[in-house]
$ cat run_16.cif   # mmCIF, C-alpha atoms and all ligand atoms
data_query
#
loop_
_atom_site.label_atom_id
_atom_site.label_comp_id
_atom_site.auth_asym_id
_atom_site.auth_seq_id
_atom_site.Cartn_x
_atom_site.Cartn_y
_atom_site.Cartn_z
CA MET A 1 102.53 101.60 77.58
CA LYS A 2 103.65 100.36 80.93
CA ILE A 3 107.03 101.74 82.00
CA GLU A 4 108.32 99.11 84.39
CA ARG A 5 111.71 100.39 85.36
CA ILE A 6 113.37 103.79 85.60
CA GLU A 7 117.04 104.43 86.20
CA ALA A 8 118.63 107.84 86.68
CA LYS A 9 122.07 109.13 87.47
CA SER A 10 124.21 112.23 87.49
CA ILE A 11 126.56 112.67 84.53
CA PRO A 12 128.92 115.57 83.71
CA ASP A 13 127.96 118.13 81.05
CA THR A 14 130.47 119.88 78.78
CA ARG A 15 131.53 122.18 81.63
CA GLY A 16 131.96 119.19 83.95
CA LYS A 17 128.85 120.24 85.89
CA PRO A 18 126.52 117.44 86.98
CA THR A 19 123.32 116.90 85.03
CA VAL A 20 120.54 114.31 84.94
CA GLU A 21 120.49 111.17 82.77
CA VAL A 22 117.37 108.99 82.71
CA THR A 23 116.76 105.50 81.26
CA LEU A 24 113.26 104.06 80.90
CA HIS A 25 112.42 100.39 80.32
CA ALA A 26 109.13 99.07 78.96
CA GLY A 27 109.12 95.37 78.06
CA GLU A 28 111.73 94.87 75.34
CA LEU A 29 112.10 98.61 74.79
CA SER A 30 114.40 101.02 76.53
CA ALA A 31 115.31 104.65 75.95
CA ARG A 32 117.76 107.09 77.47
CA ALA A 33 117.86 110.88 77.70
CA SER A 34 120.10 113.45 79.30
CA VAL A 35 119.26 117.03 80.11
CA PRO A 36 121.38 120.05 79.14
CA SER A 37 122.02 123.02 81.40
CA GLY A 38 122.30 126.75 80.68
CA LYS A 39 124.63 129.40 82.09
CA SER A 40 123.01 132.60 80.81
CA THR A 41 119.63 131.66 82.20
CA GLY A 42 116.47 133.76 82.31
CA SER A 43 114.86 134.27 85.71
CA HIS A 44 111.49 133.13 84.30
CA GLU A 45 112.75 129.68 83.28
CA ALA A 46 111.41 126.51 84.88
CA LYS A 47 113.60 125.56 87.84
CA GLU A 48 116.49 123.22 87.41
CA LEU A 49 116.79 121.43 90.75
CA ARG A 50 120.32 121.74 92.16
CA ASP A 51 121.65 120.64 95.52
CA ALA A 52 123.51 123.11 97.71
CA ASP A 53 126.81 121.80 96.32
CA GLY A 54 125.66 122.18 92.69
CA GLY A 55 124.88 118.47 92.26
CA VAL A 56 121.67 116.96 90.94
CA GLU A 57 121.28 114.12 93.45
CA THR A 58 117.87 115.35 94.63
CA ALA A 59 116.61 115.56 91.04
CA VAL A 60 117.96 112.04 90.37
CA ALA A 61 116.28 110.76 93.57
CA ASN A 62 113.00 112.37 92.46
CA VAL A 63 113.18 110.38 89.21
CA THR A 64 114.08 107.04 90.80
CA GLY A 65 111.79 107.66 93.80
CA GLU A 66 108.48 109.48 93.47
CA ILE A 67 108.31 109.67 89.67
CA ALA A 68 109.25 105.99 89.18
CA ARG A 69 106.78 104.87 91.86
CA GLU A 70 103.87 106.85 90.45
CA ILE A 71 104.58 105.93 86.83
CA ALA A 72 104.78 102.22 87.65
CA LEU A 73 101.17 102.33 88.88
CA ARG A 74 99.89 103.53 85.49
CA ASP A 75 99.60 102.68 81.84
CA PHE A 76 100.11 105.59 79.39
CA ALA A 77 98.52 105.74 75.94
CA SER A 78 100.89 108.43 74.63
CA ALA A 79 103.94 110.50 75.47
CA ASP A 80 101.58 113.45 75.77
CA GLU A 81 99.53 111.68 78.42
CA LEU A 82 102.69 110.90 80.36
CA ASP A 83 103.83 114.55 80.21
CA THR A 84 100.43 115.75 81.40
CA PHE A 85 100.73 113.35 84.32
CA LEU A 86 104.25 114.56 85.22
CA ILE A 87 103.22 118.21 85.10
CA ALA A 88 100.26 117.51 87.42
CA LEU A 89 102.42 115.39 89.74
CA ASP A 90 104.89 118.26 90.19
CA ASN A 91 102.01 120.70 90.66
CA THR A 92 104.05 123.94 90.74
CA PRO A 93 104.07 126.67 88.06
CA ASP A 94 107.82 126.35 87.53
CA LYS A 95 108.51 122.63 88.21
CA SER A 96 110.42 123.62 91.31
CA ARG A 97 109.18 120.67 93.40
CA LEU A 98 110.42 117.72 91.33
CA GLY A 99 112.77 119.80 89.15
CA ALA A 100 112.50 120.70 85.46
CA ASN A 101 115.68 118.65 84.92
CA ALA A 102 114.10 115.55 86.50
CA ILE A 103 110.82 115.91 84.58
CA LEU A 104 112.40 116.71 81.20
CA GLY A 105 114.72 113.69 81.39
CA VAL A 106 111.71 111.40 81.80
CA SER A 107 109.70 113.32 79.19
CA ILE A 108 112.37 113.03 76.47
CA ALA A 109 113.12 109.37 77.20
CA ALA A 110 109.37 108.64 77.08
CA GLN A 111 109.06 110.38 73.70
CA ARG A 112 111.83 108.08 72.45
CA LEU A 113 110.05 104.99 73.86
CA PHE A 114 106.78 105.88 72.15
CA ALA A 115 108.60 106.48 68.84
CA GLN A 116 110.24 103.06 69.18
CA GLN A 117 106.89 101.45 69.93
CA ALA A 118 105.39 103.08 66.81
CA GLY A 119 108.43 101.98 64.78
CA VAL A 120 109.11 105.49 63.45
CA PRO A 121 112.15 107.76 63.71
CA LEU A 122 112.06 110.21 66.62
CA TRP A 123 111.64 113.29 64.39
CA LYS A 124 108.63 111.69 62.73
CA ALA A 125 106.98 110.86 66.06
CA ILE A 126 107.54 114.49 67.13
CA ALA A 127 106.05 115.81 63.87
CA GLU A 128 102.98 113.60 64.30
CA ARG A 129 102.57 114.69 67.90
CA ALA A 130 103.05 118.39 67.12
CA LYS A 131 101.06 118.20 63.84
CA THR A 132 103.89 119.97 62.05
CA THR A 133 105.51 119.53 58.66
CA PRO A 134 109.04 118.26 59.25
CA GLY A 135 111.95 119.85 57.45
CA ALA A 136 115.62 120.75 57.71
CA PRO A 137 116.31 123.77 59.94
CA ARG A 138 118.89 126.44 59.07
CA LEU A 139 122.11 125.76 60.94
CA TYR A 140 123.00 128.50 63.41
CA VAL A 141 126.68 127.72 63.91
CA ASN A 142 128.18 129.65 66.81
CA VAL A 143 131.64 130.27 65.35
CA MET A 144 132.82 132.79 67.96
CA ASN A 145 131.88 132.57 71.64
CA GLY A 146 131.85 135.50 74.05
CA GLY A 147 129.88 136.81 77.02
CA VAL A 148 129.55 134.51 80.01
CA HIS A 149 130.49 131.57 77.78
CA ALA A 150 134.01 132.91 77.33
CA ASP A 151 134.92 135.29 80.17
CA PHE A 152 133.68 138.20 78.01
CA ARG A 153 136.65 138.03 75.67
CA LEU A 154 134.02 139.12 73.12
CA PRO A 155 131.15 141.33 74.32
CA PHE A 156 128.23 139.45 72.77
CA GLN A 157 127.64 135.82 73.75
CA GLU A 158 127.34 134.24 70.29
CA TYR A 159 128.61 135.22 66.84
CA ILE A 160 126.78 132.92 64.49
CA LEU A 161 127.06 131.97 60.84
CA VAL A 162 123.58 131.03 59.62
CA CYS A 163 123.80 128.37 56.89
CA GLU A 164 120.73 127.60 54.79
CA GLY A 165 119.78 124.67 52.59
CA LYS A 166 120.09 120.91 52.88
CA THR A 167 121.86 119.92 56.08
CA SER A 168 124.70 118.19 54.22
CA SER A 169 125.54 121.24 52.12
CA ALA A 170 124.89 123.72 54.96
CA LEU A 171 127.21 121.75 57.23
CA ALA A 172 129.90 121.51 54.55
CA THR A 173 129.75 125.30 54.22
CA ALA A 174 129.93 125.76 57.98
CA ARG A 175 132.95 123.43 58.20
CA ALA A 176 134.82 125.30 55.47
CA ALA A 177 134.09 128.67 57.06
CA PHE A 178 134.97 127.47 60.57
CA GLU A 179 138.29 126.06 59.40
CA LYS A 180 139.18 129.22 57.50
CA LEU A 181 138.38 131.42 60.47
CA GLY A 182 140.47 129.19 62.74
CA ALA A 183 143.45 129.58 60.41
CA GLU A 184 143.06 133.37 60.19
CA LEU A 185 142.53 134.24 63.84
CA PRO A 186 146.05 133.74 65.28
CA SER A 187 147.44 136.54 63.14
CA ILE A 188 144.61 139.04 63.69
CA MET A 189 143.40 138.59 67.26
CA LEU A 190 144.81 140.62 70.13
CA GLY A 191 147.19 138.93 72.52
CA THR A 192 150.11 136.68 71.95
CA GLY A 193 148.83 134.79 68.93
CA GLY A 194 149.37 131.06 68.89
CA ASP A 195 146.46 128.94 70.04
CA VAL A 196 143.05 130.54 69.68
CA PRO A 197 141.09 130.25 72.94
CA MET A 198 137.81 128.31 72.73
CA GLY A 199 134.52 129.13 74.47
CA ASP A 200 131.94 126.94 76.20
CA GLU A 201 130.07 126.10 73.00
CA GLY A 202 132.98 124.89 70.86
CA GLY A 203 133.55 128.16 69.02
CA TYR A 204 136.67 130.34 68.88
CA SER A 205 136.98 133.01 71.46
CA PRO A 206 139.49 135.64 70.34
CA THR A 207 139.81 139.19 71.68
CA PHE A 208 139.47 142.35 69.55
CA ASP A 209 139.47 146.01 70.46
CA THR A 210 136.41 147.00 68.45
CA LEU A 211 132.79 145.86 68.42
CA GLU A 212 132.84 145.63 64.62
CA LYS A 213 135.85 143.37 64.04
CA PRO A 214 134.06 140.03 64.60
CA PHE A 215 131.34 141.15 62.19
CA GLU A 216 133.87 142.07 59.52
CA LEU A 217 135.23 138.53 59.79
CA LEU A 218 131.77 136.96 59.70
CA ALA A 219 130.73 139.11 56.75
CA ALA A 220 133.85 138.05 54.83
CA LEU A 221 132.94 134.40 55.45
CA ALA A 222 129.32 135.02 54.47
CA ALA A 223 130.44 136.72 51.24
CA GLU A 224 132.32 133.58 50.24
CA HIS A 225 129.34 131.25 50.57
CA SER A 226 125.89 131.87 49.15
CA GLY A 227 123.01 131.11 51.51
CA THR A 228 124.87 132.32 54.58
CA SER A 229 124.25 135.28 56.85
CA ILE A 230 125.05 136.56 60.34
CA ALA A 231 123.22 136.18 63.65
CA ILE A 232 124.09 137.10 67.21
CA ASP A 233 122.88 136.19 70.63
CA ALA A 234 123.57 139.38 72.56
CA ALA A 235 122.33 137.67 75.77
CA ALA A 236 121.76 141.19 77.06
CA ASN A 237 120.70 140.01 80.52
CA GLU A 238 124.40 139.39 81.09
CA LEU A 239 125.41 142.84 79.82
CA ARG A 240 123.39 144.77 82.41
CA ASP A 241 125.27 147.22 84.59
CA GLY A 242 123.01 146.65 87.59
CA LYS A 243 120.86 149.67 86.65
CA SER A 244 119.07 150.04 83.32
CA ASN A 245 122.14 150.30 81.09
CA TYR A 246 124.40 147.81 79.35
CA ILE A 247 128.18 147.42 79.24
CA LEU A 248 130.10 146.40 76.12
CA LEU A 249 133.91 146.50 75.95
CA LYS A 250 133.96 148.50 79.22
CA LYS A 251 131.67 151.26 77.82
CA THR A 252 128.19 151.93 79.17
CA TYR A 253 125.22 152.28 76.82
CA ALA A 254 121.63 153.30 77.53
CA PRO A 255 119.00 151.02 75.93
CA ASN A 256 118.39 153.45 73.04
CA GLU A 257 122.16 153.67 72.40
CA LEU A 258 122.41 149.88 72.34
CA GLY A 259 119.46 149.86 69.93
CA MET A 260 121.42 152.25 67.67
CA ILE A 261 124.39 149.87 67.72
CA TYR A 262 122.18 147.01 66.50
CA HIS A 263 120.69 149.25 63.88
CA THR A 264 124.09 150.27 62.54
CA LEU A 265 125.30 146.65 62.51
CA VAL A 266 122.24 145.50 60.58
CA GLU A 267 122.70 148.33 58.04
CA ARG A 268 126.31 147.43 57.52
CA PHE A 269 126.43 143.62 57.66
CA PRO A 270 124.27 140.79 56.26
CA PHE A 271 122.25 140.08 59.40
CA HIS A 272 119.63 137.37 59.74
CA SER A 273 118.69 137.66 63.43
CA ILE A 274 119.49 139.23 66.79
CA GLU A 275 118.63 137.27 69.94
CA ASP A 276 117.95 138.84 73.34
CA PRO A 277 119.05 142.36 72.33
CA PHE A 278 117.78 143.67 75.68
CA SER A 279 117.22 142.22 79.14
CA GLU A 280 114.44 139.75 79.88
CA ASP A 281 111.71 142.21 80.94
CA ALA A 282 112.55 145.18 78.68
CA THR A 283 109.46 144.63 76.52
CA GLN A 284 109.24 148.18 75.18
CA ASP A 285 112.88 148.15 74.05
CA PHE A 286 112.18 144.89 72.18
CA VAL A 287 109.11 146.47 70.54
CA ARG A 288 111.07 149.51 69.34
CA LEU A 289 113.88 147.43 67.86
CA THR A 290 111.49 144.95 66.23
CA ASP A 291 109.63 147.84 64.58
CA ALA A 292 112.87 149.43 63.40
CA LEU A 293 114.26 146.17 61.97
CA ARG A 294 111.06 144.73 60.50
CA GLY A 295 111.77 143.11 57.13
CA LYS A 296 115.53 143.47 57.66
CA CYS A 297 116.41 141.19 60.56
CA LEU A 298 114.57 138.87 62.96
CA VAL A 299 114.44 139.79 66.63
CA VAL A 300 114.54 136.62 68.72
CA GLY A 301 113.32 136.12 72.29
CA ASP A 302 115.21 133.67 74.51
CA ASP A 303 115.52 134.77 78.15
CA PHE A 304 112.69 137.11 77.16
CA THR A 305 110.24 134.30 76.34
CA VAL A 306 111.83 131.23 78.03
CA THR A 307 109.91 128.71 75.85
CA ASN A 308 106.84 129.59 77.89
CA PRO A 309 103.61 129.71 75.85
CA GLU A 310 102.22 132.41 78.16
CA ARG A 311 105.26 134.67 77.77
CA ILE A 312 105.22 134.06 74.01
CA GLU A 313 101.55 135.09 73.97
CA ALA A 314 102.37 138.27 75.95
CA ALA A 315 105.20 139.07 73.52
CA ARG A 316 102.74 138.57 70.66
CA GLU A 317 100.27 141.01 72.16
CA ALA A 318 103.05 143.58 72.55
CA GLY A 319 104.46 142.91 69.06
CA ALA A 320 107.82 142.58 70.75
CA ILE A 321 109.71 140.05 68.59
CA THR A 322 109.59 138.13 65.30
CA ALA A 323 111.18 134.82 66.36
CA VAL A 324 111.39 132.63 69.45
CA LEU A 325 114.16 130.43 70.74
CA ILE A 326 112.81 127.04 71.83
CA LYS A 327 114.74 125.25 74.58
CA PRO A 328 112.87 122.28 76.09
CA ASN A 329 114.65 122.61 79.44
CA GLN A 330 113.48 126.21 79.89
CA ILE A 331 109.94 124.88 80.29
CA GLY A 332 110.64 121.31 81.43
CA SER A 333 108.61 118.98 79.20
CA VAL A 334 108.39 117.99 75.54
CA LYS A 335 104.65 118.69 75.64
CA GLU A 336 105.09 122.32 76.65
CA ALA A 337 108.02 122.80 74.26
CA ILE A 338 105.66 121.73 71.46
CA GLU A 339 103.03 124.16 72.76
CA ALA A 340 105.67 126.91 72.68
CA VAL A 341 106.37 126.08 69.02
CA GLU A 342 102.63 126.23 68.33
CA ALA A 343 102.32 129.62 70.03
CA THR A 344 105.31 130.84 67.99
CA HIS A 345 103.88 129.62 64.68
CA ASP A 346 100.42 131.00 65.56
CA ALA A 347 102.02 134.42 65.95
CA GLY A 348 103.50 134.03 62.46
CA TRP A 349 106.99 133.95 63.95
CA ALA A 350 110.05 131.79 63.34
CA ALA A 351 110.92 129.01 65.83
CA ILE A 352 114.63 128.42 66.42
CA CYS A 353 115.32 125.29 68.48
CA SER A 354 118.34 125.41 70.72
CA HIS A 355 120.76 123.37 72.77
CA ARG A 356 122.15 124.80 76.04
CA SER A 357 125.69 125.94 76.74
CA GLY A 358 126.17 122.96 79.07
CA GLU A 359 125.50 119.99 76.80
CA THR A 360 125.65 116.19 76.73
CA MET A 361 125.83 113.68 73.89
CA ASP A 362 122.00 113.62 73.70
CA THR A 363 120.78 114.65 70.23
CA PHE A 364 117.08 115.13 70.99
CA ILE A 365 117.15 118.78 69.90
CA ALA A 366 118.12 117.75 66.35
CA ASP A 367 115.07 115.47 66.00
CA PHE A 368 112.90 118.09 67.67
CA ALA A 369 114.03 120.90 65.34
CA TYR A 370 113.57 118.74 62.25
CA GLY A 371 110.25 117.31 63.47
CA VAL A 372 108.61 120.68 64.12
CA GLY A 373 110.04 122.06 60.86
CA ALA A 374 111.90 124.79 62.75
CA HIS A 375 113.30 127.86 61.02
CA GLY A 376 116.67 127.09 62.58
CA ILE A 377 118.66 125.12 65.13
CA LYS A 378 121.32 126.54 67.43
CA ALA A 379 123.72 123.73 68.20
CA GLY A 380 127.00 125.53 68.88
CA GLY A 381 130.43 125.64 67.25
CA LEU A 382 132.23 122.82 65.48
CA GLY A 383 135.03 122.44 68.02
CA GLN A 384 133.32 120.23 70.62
CA LYS A 385 132.01 116.69 70.18
CA GLN A 386 128.74 117.26 72.05
CA ARG A 387 127.87 119.98 69.47
CA LEU A 388 129.01 117.90 66.50
CA GLU A 389 126.73 115.05 67.62
CA LYS A 390 123.69 117.24 66.96
CA TYR A 391 124.89 118.15 63.46
CA GLU A 392 125.72 114.48 62.78
CA ARG A 393 122.22 113.47 63.89
CA LEU A 394 120.76 116.02 61.44
CA LEU A 395 122.79 114.38 58.67
CA GLU A 396 121.35 111.00 59.65
CA ILE A 397 117.85 112.47 59.64
CA GLU A 398 118.46 113.84 56.14
CA LYS A 399 119.11 110.24 55.03
CA GLU A 400 116.17 108.82 56.99
CA ALA A 401 113.85 111.37 55.42
CA GLU A 402 114.98 110.41 51.92
CA ARG A 403 114.12 106.72 52.46
C1 LIG A 501 121.55 130.88 74.91
C2 LIG A 501 122.18 129.59 75.34
C3 LIG A 501 122.48 128.58 74.31
P1 LIG A 501 122.77 129.16 77.80
O1 LIG A 501 121.63 131.89 75.62
O2 LIG A 501 120.89 130.94 73.89
O3 LIG A 501 123.36 129.02 73.32
O4 LIG A 501 123.12 129.72 76.34
O5 LIG A 501 122.45 127.70 77.64
O6 LIG A 501 123.97 129.45 78.65
O7 LIG A 501 121.56 129.91 78.27
MG MG A 502 120.25 133.06 74.24
#

$ encode --input "run_16.cif" --output "structure tokens" --more "lines below"
Ligand code: 2PG
Ligand code: MG
Amino acid sequence: MKIERIEAKSIPDTRGKPTVEVTLHAGELSARASVPSGKSTGSHEAKELRDADGGVETAVANVTGEIAREIALRDFASADELDTFLIALDNTPDKSRLGANAILGVSIAAQRLFAQQAGVPLWKAIAERAKTTPGAPRLYVNVMNGGVHADFRLPFQEYILVCEGKTSSALATARAAFEKLGAELPSIMLGTGGDVPMGDEGGYSPTFDTLEKPFELLAALAAEHSGTSIAIDAAANELRDGKSNYILLKKTYAPNELGMIYHTLVERFPFHSIEDPFSEDATQDFVRLTDALRGKCLVVGDDFTVTNPERIEAAREAGAITAVLIKPNQIGSVKEAIEAVEATHDAGWAAICSHRSGETMDTFIADFAYGVGAHGIKAGGLGQKQRLEKYERLLEIEKEAER
């Protein structure tokens, strides 16, 4: 395929922060992609190129300048070939020269172009490329937002209701639970009552005086609907006290004490998974918790593994986790995100595909999660249209797959 024209521009994400949008043109075909952006980022992630003022003009210029020029000189047989070319063109281990945001925008748009050319839905093209069996992921619906996504009104970053089954029924369950929780919160949260604050990912963000209260609420919702359970993203990088301890609700905990908290929560509530229970390099703490919770609850790496096949391999050697969060922008290309899924599945672990806290209307992650047959998809709460778009796209895919 010859990509003749590339456009790129800066668009606002859900926090109003600039992010990259790319449009590719090849003959009659054209495809667009926009790149999400995280807030609780791991230091081992590929580098998102930002200007001194927080803008993405340099990343945009890299797409319309060097990348467009080089791509126009070539003909690509597959999206994989194009990604390999982009990775070599950047030629840094962390995509810091051209920017992971610049490269991923082109990579996703190119995957869409190649799917169009083949006349197949995006999820199918991804499944063929990844050699995976497509299927509906569990919905990880972030019903209550905390941590850096909500000024720490709740200590953990994400309080998630995991909904299993067909997307249409899982989403109906999530909607019913989300609505019920929204109606209950004003009378039970701390503060003045009235409007419930919302967090960055379209979930409620109430305040409580105990660690357990949000889990009591989640467990009550889970008890009402079969096929539901609880997950959290502790995002423990953000809980660090600057030394080796963690702070929750103004109290300091040593790693083993935090481990005990998780243990007690899992004993008491119907847990499915815990993401980033410790900070990004605390491998031995991950190993201990994974051993203690084996068969009871998945331990998920996010900042710990950063969608990097090499870090996933190292985690496998250590036996540190049992599931991996897959975020294409942590690694910067569709090709490497697929390799990260492969490394995860090779380890016998669950892959959970994820949006970022700064999102756009792009629904690539829905097709990606379905295409690779992921264990789950994290796409946020139901109170923000950029999150709902992903769930809506999964509903469309359910119909496409039935045809
Ligand atoms: C996470 C994500 C997405 P952020 O930590 O898993 O929910 O947040 O994009 O801010 O890293
Ligand atoms: Mg996370």

$ atom_distance --input "run_16.cif" --atom1 "CA of Ser40 in chain A" --atom2 "atom O5 of ligand LIG 501 (chain A)"
5.9 Å

$ residues_around --input "run_16.cif" --residues "range 234-251 of chain A" --least-positions-apart "3" --cutoff "7 Å" --atoms "all atoms listed in the file" --output "PyMOL selection string"
chain A and resi 40+155-158+254-255+275-280

$ write_last_selection --input "run_16.cif" --atoms "C-alpha atoms" --output "PDB file, in the frame of the given file"
ATOM      1  CA  SER A  40     123.010 132.600  80.810  1.00  0.00           C
ATOM      2  CA  PRO A 155     131.150 141.330  74.320  1.00  0.00           C
ATOM      3  CA  PHE A 156     128.230 139.450  72.770  1.00  0.00           C
ATOM      4  CA  GLN A 157     127.640 135.820  73.750  1.00  0.00           C
ATOM      5  CA  GLU A 158     127.340 134.240  70.290  1.00  0.00           C
ATOM      6  CA  ALA A 254     121.630 153.300  77.530  1.00  0.00           C
ATOM      7  CA  PRO A 255     119.000 151.020  75.930  1.00  0.00           C
ATOM      8  CA  GLU A 275     118.630 137.270  69.940  1.00  0.00           C
ATOM      9  CA  ASP A 276     117.950 138.840  73.340  1.00  0.00           C
ATOM     10  CA  PRO A 277     119.050 142.360  72.330  1.00  0.00           C
ATOM     11  CA  PHE A 278     117.780 143.670  75.680  1.00  0.00           C
ATOM     12  CA  SER A 279     117.220 142.220  79.140  1.00  0.00           C
ATOM     13  CA  GLU A 280     114.440 139.750  79.880  1.00  0.00           C
TER      14      GLU A 280
END

$ closest_residue --input "run_16.cif" --among "A:Val266, A:Ala318, A:Val324, A:Ala170" --to "Asp303 in chain A" --atoms "all atoms listed in the file"
A:Val324

$ residues_around --input "run_16.cif" --residues "Asn142 in chain A" --least-positions-apart "4" --cutoff "8 Å" --atoms "only C-alpha atoms" --output "ChimeraX atom specification"
/A:158-161,201-203,378-381

$ closest_atom_pairs --input "run_16.cif" --of "chain A" --to "ligand LIG 501 (chain A)" --cutoff "7 Å" --atoms "all atoms listed in the file" --output "tab-separated table"
residue	atom	partner	partner_atom	distance
A:Ser37	CA	A:LIG501	O5	6.0
A:Gly38	CA	A:LIG501	O5	3.2
A:Lys39	CA	A:LIG501	O6	3.5
A:Ser40	CA	A:LIG501	O6	3.9
A:Thr41	CA	A:LIG501	O7	4.7
A:His149	CA	A:LIG501	O6	6.9
A:Asp233	CA	A:LIG501	O2	6.5
A:Ala235	CA	A:LIG501	O1	5.8
A:Asp302	CA	A:LIG501	O2	6.3
A:Ser354	CA	A:LIG501	C3	6.3
A:His355	CA	A:LIG501	C3	5.7
A:Arg356	CA	A:LIG501	O5	3.3
A:Ser357	CA	A:LIG501	O5	3.8
A:Gly358	CA	A:LIG501	O5	6.2
A:Lys378	CA	A:LIG501	O3	6.7
A:Gly380	CA	A:LIG501	O3	6.7

$ residues_around --input "run_16.cif" --residues "Asp195 in chain A" --least-positions-apart "6" --cutoff "12 Å" --atoms "only C-alpha atoms" --output "JSON, numbers by chain"
{"A": [182, 183, 184, 185, 186, 187, 189, 204, 205, 206]}

$ axis_aligned_box --input "run_16.cif" --around "range 308-311 of chain A" --padding-each-side "4 Å" --output "JSON"
{"center_x": 104.5, "center_y": 132.1, "center_z": 77.0, "size_x": 12.6, "size_y": 13.1, "size_z": 10.3}

$ residues_around --input "run_16.cif" --residues "Arg288 in chain A" --least-positions-apart "4" --cutoff "8 Å" --atoms "all atoms listed in the file" --output "list in words"
Gln284, Ala292 and Ala320 of chain A

$ closest_residue --input "run_16.cif" --among "A:Asp285, A:Glu313, A:Glu7, A:Glu398" --to "Arg32 in chain A" --atoms "only C-alpha atoms"
A:Glu7

$ closest_residue --input "run_16.cif" --among "A:Leu73, A:Ile67, A:Ala340, A:Ile126" --to "Gly105 in chain A" --atoms "all atoms listed in the file"
A:Ile67

$ closest_residue --input "run_16.cif" --among "A:Asn145, A:His272, A:Ala314, A:Gly383" --to "ligand MG 502 (chain A)" --atoms "only C-alpha atoms and all ligand atoms"
A:Asn145

$ atom_distance --input "run_16.cif" --atom1 "CA of Leu113 in chain A" --atom2 "CA of Ala31 in chain A"
5.7 Å

$ residues_around --input "run_16.cif" --residues "Gln330 in chain A" --least-positions-apart "3" --cutoff "8 Å" --atoms "all atoms listed in the file" --output "VMD selection string"
chain A and resid 45 to 47 100 306 to 308 327
